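A short write-up of the structure that comes next.
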Amino acid sequence: MSDKEKEKKQGTNISRRSFLKGVGTGTVAATVAPAILVGDSETAEAQTDGAASTAKIQLNINEKLYEIEVEARTTLLTVLRDGIDTGGNSVDLTGAKLICDRGECGGCTVLADGKAVYACMMLAMDAQSKQITTVEGIANGDDLHPVQEAFIQHDAMMCGFCTPGFIVSSVALLNENQKPTIAEIKDSLSGNTCRCGTYPFIFDAVETASEKM
Amino acid sequence: MASWGEASQSRLIGKRIARLSGKEKVTGKAKYTFDINRPGMLYGRILRSEVAHANVTDLDLTRAEELPGVKAIIPLIEVGRKIRYQGQEIAAVAAETDDIAKDALRLIYVELEELPFVVTEADAMAEGAPQIRDDWKANQSNPGKNEDGDVEAGFAEAAVTVEATYHTPVQTHVCLETHGNVVEWTDEQNLTVWASTQAVFGVRNDLARNLQLPANQVRVITEHMGGGFGSKFSAGTEGLAAARLSRMAGRPVKLMLTRKAEHLVAGNRPSMTQHVKAGATRDGRLIAYDMRGYGTGGTGGGAGFTGPYVYHVPNRRTERFNVAVNAGSQRAMRAPGHPQGAFAMDSLIDELAEKLGMNPLEFRRINDSSEVRQAQYTLGAQEIGWHRRNSVPGSGTGVKKRGMGVGSGQWGGGGGRGTQARITINPDGTVEAVTGTQDIGTGIRTAIAIIVAEELGLSPTDISVKIGDSGPGLPSGGSGGSQTTASVAPVIKTAAAAAKQKLFEHVAPLLQAPVDDLRVGAGTIYVASDRTKTVTWRQATGLLGVESISEGGNWNPELRQGGVAGTQFAEVEVDTQTGHVEVLKIVAVQDCGLAINRLTTESQINGGVIMGLGQTLLEERIMDPQTGRMLNANLEDYKVPGTFEIPEIKSIVFDTHRKVTGVGEPPCIPTLGAIANAVYNAIGVRIRELPITPDKVLTALAEKKA
Ligand code: FES
Ligand code: FES
C-alpha cells in the first residue's frame with residue numbers, strides 16, 4: 001500500500017504530512033494551516049467506527065413519557081426535533097430551533113423543572129430526571145398562555161423563527177418575577193437573539209403579559 | 001379610476017391587525033423548512049474548505065461512503081479545480097442521522113495545494129499582491145465613472161470644502177433559519193422541495209433548469225421562513241446538492257447550512273471605502289462632489305453603493321470599482337448599496353454644515369428637494385427634542401456625554417407585474433386567496449387577508465390565505481426590493497373586487513336591485529338606495545349552488561406607488577471612559593404610502609432601525625490575513641443587536657398617499673448616519689469608520705486630546 005493509500009485509510013481529511021509531501025514534490029504551499037478541513041462538524045466528536053454505543057433513556061416532555069435510544073453525545077434538542085421513540089414514533093417537537101448550536105442565541109430554549117435552559121447545550125442523558133416543557137407545552141390545550149396572547153397582540157414576531165425561544169424565556173421570567181421592570185426584562189431575555197428586530201414589541205408583550213398574570 | 005377609497009371608509013385597511021400566523025408562531029407549531037421531517041428522511045451535510053485559495057489535487061470519498069448509515073455522497077468540486085474562498089463546497093453526504101453525516105465528513109480525503117490568497121481589500125490592492133482573478137488588473141475591476149456639471153467650477157464657487165474617507169465593513173445577513181431545503185422525489189420526474197426562500201417560484205425555476213426538469217414538475221413550498229434579508233432567492237449549491245443526494249438515495253433529504261457556513265457562503269453586504277471631497281456655498285448649497293470609492297463583494301463584483309445620496313449636488317464626479325478578495329460572495333442585503341452610501345453622505349453633510357457654522361438640519365432642508373422629507377424633518381425634530389442637542393459638539397460635561405444626530409434615506413418599492421392570484425368564494429361562505437408569493441416575516445399573508453376581507457365585508461380571519469407554494473401554479477415574484485406588497489396587493493384587490501362583482505350578480509335578482517346598487521356591509525350585502533333590503537353573507541353565497549366563484553386579478557398600477565422617503569433622529573450617550581456608545585432613542589419617520597396593516601408596518605420599521613443600529617455599532621466580518629479565514633463566523637463573535645442594545649424606538653408610520661408601497665428595506669438606511677452624527681455631537685470627534693466600537697471611540701478621544 002502506498003503512503004497515500006494508507007493516509008486515505010486513516011481518514012480524518014487532509015493531514016499536515018500531505019502538505020509537506022506536496023511541497024516536496026514541487027508544488028506550492030503558501031502557508032500551513034492546522035486542521036485544514038473542519039467541514040460542518042465543529043461541535044461533535046466524530047465517532048467513525050460506525051458502532052456508537054447507545055442507551056435507552058426515559059424523558060418526561062410536556063408531561064408525556066418518552067422512551068428513547070440515544071448516544072452519549074445526543075443533545076436534548078436533537079431528541080426533541082429528530083428523536084424517534086422506541087415505539088417508532090417521531091417526537092417531532094420542532095418548536096425549539098437550532099440556530100447557533102453553541103449556547104449563543106436562545107432559539108432552543110426549553111424549561112427544565114421550570115428553569116430556562118438551552119436544549120442544544122444539554123445532553124439528553126442529563127435531561128432524564130427533569131420535567132421538560134417545550135414551547136408546544138406552554139399553552140393549556142387551546143388556551144394560550146398570557147405571554148403567547150400578548151406576543152400576538154403586540155406583533156412581537158416577524159419571521160417568527162426566534163419566537164419559540166423568546167416565549168419560553170419570557171414564561172420562565174414571569175414565573176420567577178411577576179412584575180419585572182424593563183431592565184429586568186432586557187436582562188432575562190439577553191440570552192435570546194432576534195435578527196428581524198422584534199425586541200421593542202417583545203418588551204411590550206412581556207409587560208402586557210405581566211399585567212394579566 | 002381604481003382606488004383604495006378614503007381612509008374614513010376603511011374598516012380594516014390601515015388599522016392595527018394581529019398577524020394571521022401569530023398563533024402558529026407562538027405555540028411552536030409553525031413549520032419552517034428546518035422543521036420538516038419526512039418519512040425516511042436523510043440528513044445532508046456539506047464538507048467545506050477551510051482554505052481560502054487552493055488547487056484540489058485529490059478527493060476520495062470511499063471511506064465516508066463505507067460508513068454505516070451513509071446513503072449517498074457526491075463530490076461538489078472536481079480534482080483540478082480551484083477553491084477560491086473559505087467555505088467553498090467540496091462534497092456532500094446524506095446519512096441516516098445528522099451525527100452520522102458529520103462523522104462521514106471526517107472520513108473524506110482531500111488534498112489541497114494551497115495558493116497565495118488575499119482576504120482584505122488592503123492586501124488585495126497592495127503592490128505585488130497575488131492576482132486572484134485573471135480578468136482583473138491588481139484585483140480591481142474597471143471603474144465605473146460618472147460626471148455631471150463642472151466639478152472644478154463647482155469647487156471654485158465653494159466657500160467651504162470637506163475631504164474625508166468613510167468606511168463600512170462587510171456585514172453578513174445572519175438569517176436565523178440558515179439556508180437550506182428538504183427535498184423529496186415523488187417519482188423519477190417529480191420533485192417536491194420545502195425551501196427556506198424568499199422566492200418560491202425563483203427556486204422552482206432554478207431547480208428545474210439545473211436538473212433539466214420541466215418547471216411544472218418541481219413544486220416548492222415555503223409555509224414559513226426564518227429570515228432572508230436578500231440572501232435567499234435561489235436554490236443554491238446546497239439545494240441542488242440535496243436534490244442530487246435525494247435522487248441517489250431514493251429518499252427525502254434535509255440539508256440546512258450550519259451557522260458557520262451561513263456566515264461564510266450565504267451572502268453578505270459588501271464593504272465600502274470612499275474618499276470624497278465636497279463643497280458648499282456660503283448660503284448652504286451643495287455645489288461640488290468628487291468621490292472615488294470601492295468595496296469588496298468577495299471574488300466577484302457587486303460592491304456598489306450610492307453617492308451622492310438623497311441631496312442634490314449639481315457638479316459631481318464619481319468613480320467606483322470592485323476589489324476581489326478570497327472570501328464568500330456578496331448577495332443583495334436589505335437596501336443594497338444604500339445604508340453604506342447614506343452613512344457617508346449623512347456624515348459628509350454634517351461635516352460641511354459644521355464648517356459653514358450651520359445647523360445640520362437647516363443645511364439638509366436647503367439641499368433636500370423632497371417635500372415629504374421636509375415634513376419629516378419637522379416632525380422628527382419635534383419628537384426627539386432637537387433643540388436640546390449640543391450646539392457645540394462635545395460640549396456636554398461629565399463622563400457620559402449625550403448627543404443627537406439625523407440621517408436620511410430614499411427607496412423605491414413600487415412593485416411590478418408578474419403576480420397571478422385567485423380569490424374563490426365557496427357556496428358555504430368560505431373564502432380562499434391563493435397566490436405564489438411568500439411571507440418572509442413582513443406579514444404579506446395578513447395583508448392579503450385584510451384586503452380581501454375589506455372588499456368582501458368579512459374579517460381577516462375569515463379568509464384562508466394560501467401562499468408559499470408553487471403547486472397551484474399562480475406565480476409571484478421574489479420578496480426583494482421591498483416590492484412584495486406593491487406587487488401583490490393590487491392583484492389581490494382587483495381579484496377580490498371581481499369575485500364580489502360575480503357574487504353581486506347572483507344576489508341582485510333576490511334583492512330586486514341592479515348590481516351596481518349593491519354594497520357589502522359587515523357580513524352582509526345590501527342595497528345602497530334601500531338599506532332595508534339585505535342578505536347575510538351566508539345567504540348570498542348559498543345562492544351559488546354547486547359552483548364556487550373563482551376570479552383572478554390584475555396589477556393595476558394606479559393602486560400602488562414607488563419612492564419612499566425616510567428620516568431618522570438618534571440620541572446617544574457615550575461613556576468617555578469606556579468608549580461604549582448607548583443609543584438612547586431613535587425616532588424613525590418613514591413614508592409608508594398606504595400601510596395596509598399599521599401594526600406589522602411598525603414592526604418592519606423597528607426591524608430596519610435595529611439592523612441599521614447593528615451595522616453602525618456592532619457588525620463586521622473579520623478576516624484573518626494570516627490564515628485567510630473569517631474569525632467570527634458564529635453568533636458570539638459576530639455581534640448582532642441583542643436586548644441590551646435596543647433603545648427606545650419611536651416608529652412613525654408617515655402617511656403620504658393612499659397607494660400601497662413597500663417598506664421592508666428603507667427603514668434600515670437612515671439609522672447609520674443618525675447614530676454616527678449623534679456620536680459626533682456627543683464627543684466632538686468624528687468616527688468615519690463603522691462599526692463605532694469602544695476602541696475606536698477611545699482612540700478618537702485620545703487623538704483629540706493630543
Ligand atoms: S441553538 Fe441553542 S443557544 Fe443557539
Ligand atoms: S422574528 Fe425573525 S428572528 Fe426574530
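We name chains A, B, ... following the order of the C-alpha cells; residues begin at 1 in each chain, and ligands are numbered from 1 as shown.
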- Message: Show me which residues are within 9 Å of ligand 2 counting only C-alpha atoms and all ligand atoms, and format the list as JSON, numbers by chain.
- Response: {"A": [156, 157, 158, 159, 160, 161, 162, 163, 166, 193, 194, 195, 196, 197, 198, 199], "B": [175, 176, 177, 225, 226, 227, 440, 441]}
Write a file of the just-selected residues containing N, CA and C atoms, as a PDB file, in the first residue's frame.
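That gives us part06.pdb:
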ATOM      1  N   ALA A 156     -45.153  40.722  18.396  1.00  0.00           N
ATOM      2  CA  ALA A 156     -43.786  40.531  18.872  1.00  0.00           C
ATOM      3  C   ALA A 156     -43.075  39.436  18.077  1.00  0.00           C
ATOM      4  N   MET A 157     -43.256  39.477  16.767  1.00  0.00           N
ATOM      5  CA  MET A 157     -42.627  38.476  15.893  1.00  0.00           C
ATOM      6  C   MET A 157     -42.669  38.992  14.470  1.00  0.00           C
ATOM      7  N   MET A 158     -41.693  38.603  13.693  1.00  0.00           N
ATOM      8  CA  MET A 158     -41.812  38.805  12.248  1.00  0.00           C
ATOM      9  C   MET A 158     -41.670  37.437  11.607  1.00  0.00           C
ATOM     10  N   CYS A 159     -40.448  37.062  11.221  1.00  0.00           N
ATOM     11  CA  CYS A 159     -40.337  35.720  10.637  1.00  0.00           C
ATOM     12  C   CYS A 159     -40.765  34.658  11.643  1.00  0.00           C
ATOM     13  N   GLY A 160     -40.554  34.933  12.911  1.00  0.00           N
ATOM     14  CA  GLY A 160     -41.028  34.027  13.947  1.00  0.00           C
ATOM     15  C   GLY A 160     -40.099  32.886  14.302  1.00  0.00           C
ATOM     16  N   PHE A 161     -38.935  32.870  13.704  1.00  0.00           N
ATOM     17  CA  PHE A 161     -38.043  31.731  13.949  1.00  0.00           C
ATOM     18  C   PHE A 161     -37.471  31.768  15.370  1.00  0.00           C
ATOM     19  N   CYS A 162     -37.285  32.969  15.894  1.00  0.00           N
ATOM     20  CA  CYS A 162     -36.760  33.107  17.256  1.00  0.00           C
ATOM     21  C   CYS A 162     -37.873  33.047  18.289  1.00  0.00           C
ATOM     22  N   THR A 163     -39.126  33.170  17.831  1.00  0.00           N
ATOM     23  CA  THR A 163     -40.256  33.378  18.739  1.00  0.00           C
ATOM     24  C   THR A 163     -40.412  32.275  19.800  1.00  0.00           C
ATOM     25  N   PHE A 166     -38.101  32.979  22.621  1.00  0.00           N
ATOM     26  CA  PHE A 166     -38.498  34.149  23.406  1.00  0.00           C
ATOM     27  C   PHE A 166     -39.718  33.857  24.271  1.00  0.00           C
ATOM     28  N   THR A 193     -31.717  35.849  20.803  1.00  0.00           N
ATOM     29  CA  THR A 193     -31.404  36.743  19.689  1.00  0.00           C
ATOM     30  C   THR A 193     -32.540  36.741  18.671  1.00  0.00           C
ATOM     31  N   CYS A 194     -32.858  37.920  18.156  1.00  0.00           N
ATOM     32  CA  CYS A 194     -33.826  38.043  17.073  1.00  0.00           C
ATOM     33  C   CYS A 194     -33.203  38.877  15.967  1.00  0.00           C
ATOM     34  N   ARG A 195     -33.072  38.332  14.773  1.00  0.00           N
ATOM     35  CA  ARG A 195     -32.456  39.089  13.699  1.00  0.00           C
ATOM     36  C   ARG A 195     -33.433  40.040  13.016  1.00  0.00           C
ATOM     37  N   CYS A 196     -34.726  39.717  13.071  1.00  0.00           N
ATOM     38  CA  CYS A 196     -35.695  40.604  12.433  1.00  0.00           C
ATOM     39  C   CYS A 196     -35.870  41.893  13.222  1.00  0.00           C
ATOM     40  N   GLY A 197     -35.429  41.906  14.460  1.00  0.00           N
ATOM     41  CA  GLY A 197     -35.534  43.133  15.248  1.00  0.00           C
ATOM     42  C   GLY A 197     -36.903  43.351  15.847  1.00  0.00           C
ATOM     43  N   THR A 198     -37.430  42.337  16.516  1.00  0.00           N
ATOM     44  CA  THR A 198     -38.769  42.471  17.107  1.00  0.00           C
ATOM     45  C   THR A 198     -38.710  42.891  18.577  1.00  0.00           C
ATOM     46  N   TYR A 199     -37.513  43.152  19.076  1.00  0.00           N
ATOM     47  CA  TYR A 199     -37.346  43.405  20.518  1.00  0.00           C
ATOM     48  C   TYR A 199     -38.330  44.412  21.132  1.00  0.00           C
TER      49      TYR A 199
ATOM     50  N   CYS B 175     -29.343  35.225   8.783  1.00  0.00           N
ATOM     51  CA  CYS B 175     -30.713  34.705   8.843  1.00  0.00           C
ATOM     52  C   CYS B 175     -30.731  33.672   9.964  1.00  0.00           C
ATOM     53  N   LEU B 176     -31.720  33.739  10.852  1.00  0.00           N
ATOM     54  CA  LEU B 176     -31.680  32.781  11.957  1.00  0.00           C
ATOM     55  C   LEU B 176     -32.017  31.368  11.484  1.00  0.00           C
ATOM     56  N   GLU B 177     -32.905  31.251  10.516  1.00  0.00           N
ATOM     57  CA  GLU B 177     -33.017  29.950   9.866  1.00  0.00           C
ATOM     58  C   GLU B 177     -31.986  29.951   8.746  1.00  0.00           C
ATOM     59  N   MET B 225     -40.727  31.021   6.781  1.00  0.00           N
ATOM     60  CA  MET B 225     -39.279  31.011   6.613  1.00  0.00           C
ATOM     61  C   MET B 225     -38.626  31.976   7.589  1.00  0.00           C
ATOM     62  N   GLY B 226     -37.444  31.569   8.046  1.00  0.00           N
ATOM     63  CA  GLY B 226     -36.804  32.286   9.145  1.00  0.00           C
ATOM     64  C   GLY B 226     -35.792  33.330   8.726  1.00  0.00           C
ATOM     65  N   GLY B 227     -36.213  34.272   7.920  1.00  0.00           N
ATOM     66  CA  GLY B 227     -35.348  35.402   7.580  1.00  0.00           C
ATOM     67  C   GLY B 227     -34.581  35.197   6.291  1.00  0.00           C
ATOM     68  N   ILE B 440     -41.854  36.525   4.175  1.00  0.00           N
ATOM     69  CA  ILE B 440     -40.527  36.410   4.790  1.00  0.00           C
ATOM     70  C   ILE B 440     -40.507  37.055   6.174  1.00  0.00           C
ATOM     71  N   GLY B 441     -41.682  37.313   6.679  1.00  0.00           N
ATOM     72  CA  GLY B 441     -41.755  37.861   8.029  1.00  0.00           C
ATOM     73  C   GLY B 441     -42.395  39.230   8.066  1.00  0.00           C
TER      74      GLY B 441
END
- Message: Please list as a list in words every residue within 10 Å of Asp516 of chain B, counting only C-alpha atoms and excluding residues in the same chain fewer than 6 positions away.
- Response: Gln501, Phe504, Glu505, Ala508, Val527 and Ala528 of chain B
Please build the interface table for chain B against chain A with a cut-off of 6 Å, listing for each qualifying residue the nearest atom pair and the distance in Å to one decimal; count only C-alpha atoms, order rows by chain and increasing number, and write it as CSV.
residue,atom,partner,partner_atom,distance
B:Ala18,CA,A:Gln153,CA,5.9
B:Gly22,CA,A:Ile152,CA,5.3
B:Lys25,CA,A:Gly160,CA,5.8
B:Val26,CA,A:Gln148,CA,5.6
B:Thr27,CA,A:Glu136,CA,5.4
B:Gly28,CA,A:Gly95,CA,4.0
B:Asp35,CA,A:Thr94,CA,5.6
B:Leu47,CA,A:Gly39,CA,4.4
B:Arg48,CA,A:Gly39,CA,4.8
B:Ser49,CA,A:Leu37,CA,5.7
B:Glu50,CA,A:Leu37,CA,5.1
B:Pro68,CA,A:Gly50,CA,5.8
B:Lys102,CA,A:Ser41,CA,5.3
B:Asp103,CA,A:Ala46,CA,5.0
B:Arg106,CA,A:Thr12,CA,4.9
B:Leu107,CA,A:Gly11,CA,4.7
B:Ile108,CA,A:Asn13,CA,5.5
B:Tyr109,CA,A:Asn13,CA,4.6
B:Val110,CA,A:Ile14,CA,5.5
B:Glu111,CA,A:Ile14,CA,5.9
B:Glu113,CA,A:Ala29,CA,5.9
B:Glu114,CA,A:Ala29,CA,4.7
B:Leu115,CA,A:Ala30,CA,5.7
B:Pro116,CA,A:Ala30,CA,5.5
B:Leu176,CA,A:Ile99,CA,5.9
B:Gly226,CA,A:Phe161,CA,5.0
B:Gly227,CA,A:Cys159,CA,5.9
B:Arg259,CA,A:Cys100,CA,5.7
B:Ile440,CA,A:Cys159,CA,5.9
B:Gly441,CA,A:Cys159,CA,3.7
B:Gly607,CA,A:Gly197,CA,4.0
B:Ile610,CA,A:Gly197,CA,5.6
B:Glu636,CA,A:Glu104,CA,5.9
B:Gly642,CA,A:Thr193,CA,5.8
B:Thr643,CA,A:Lys186,CA,5.2
- Message: Based on the backbone DSSP call, show me all residues of segment 113-299 of chain B assigned strand (DSSP E or B), as an MDAnalysis selection string.
- Response: chainID B and resid 113:114 137 140 144:148 160:168 171:172 180:187 190:195 218:221 224 253:256 268:269 272:280 286:297
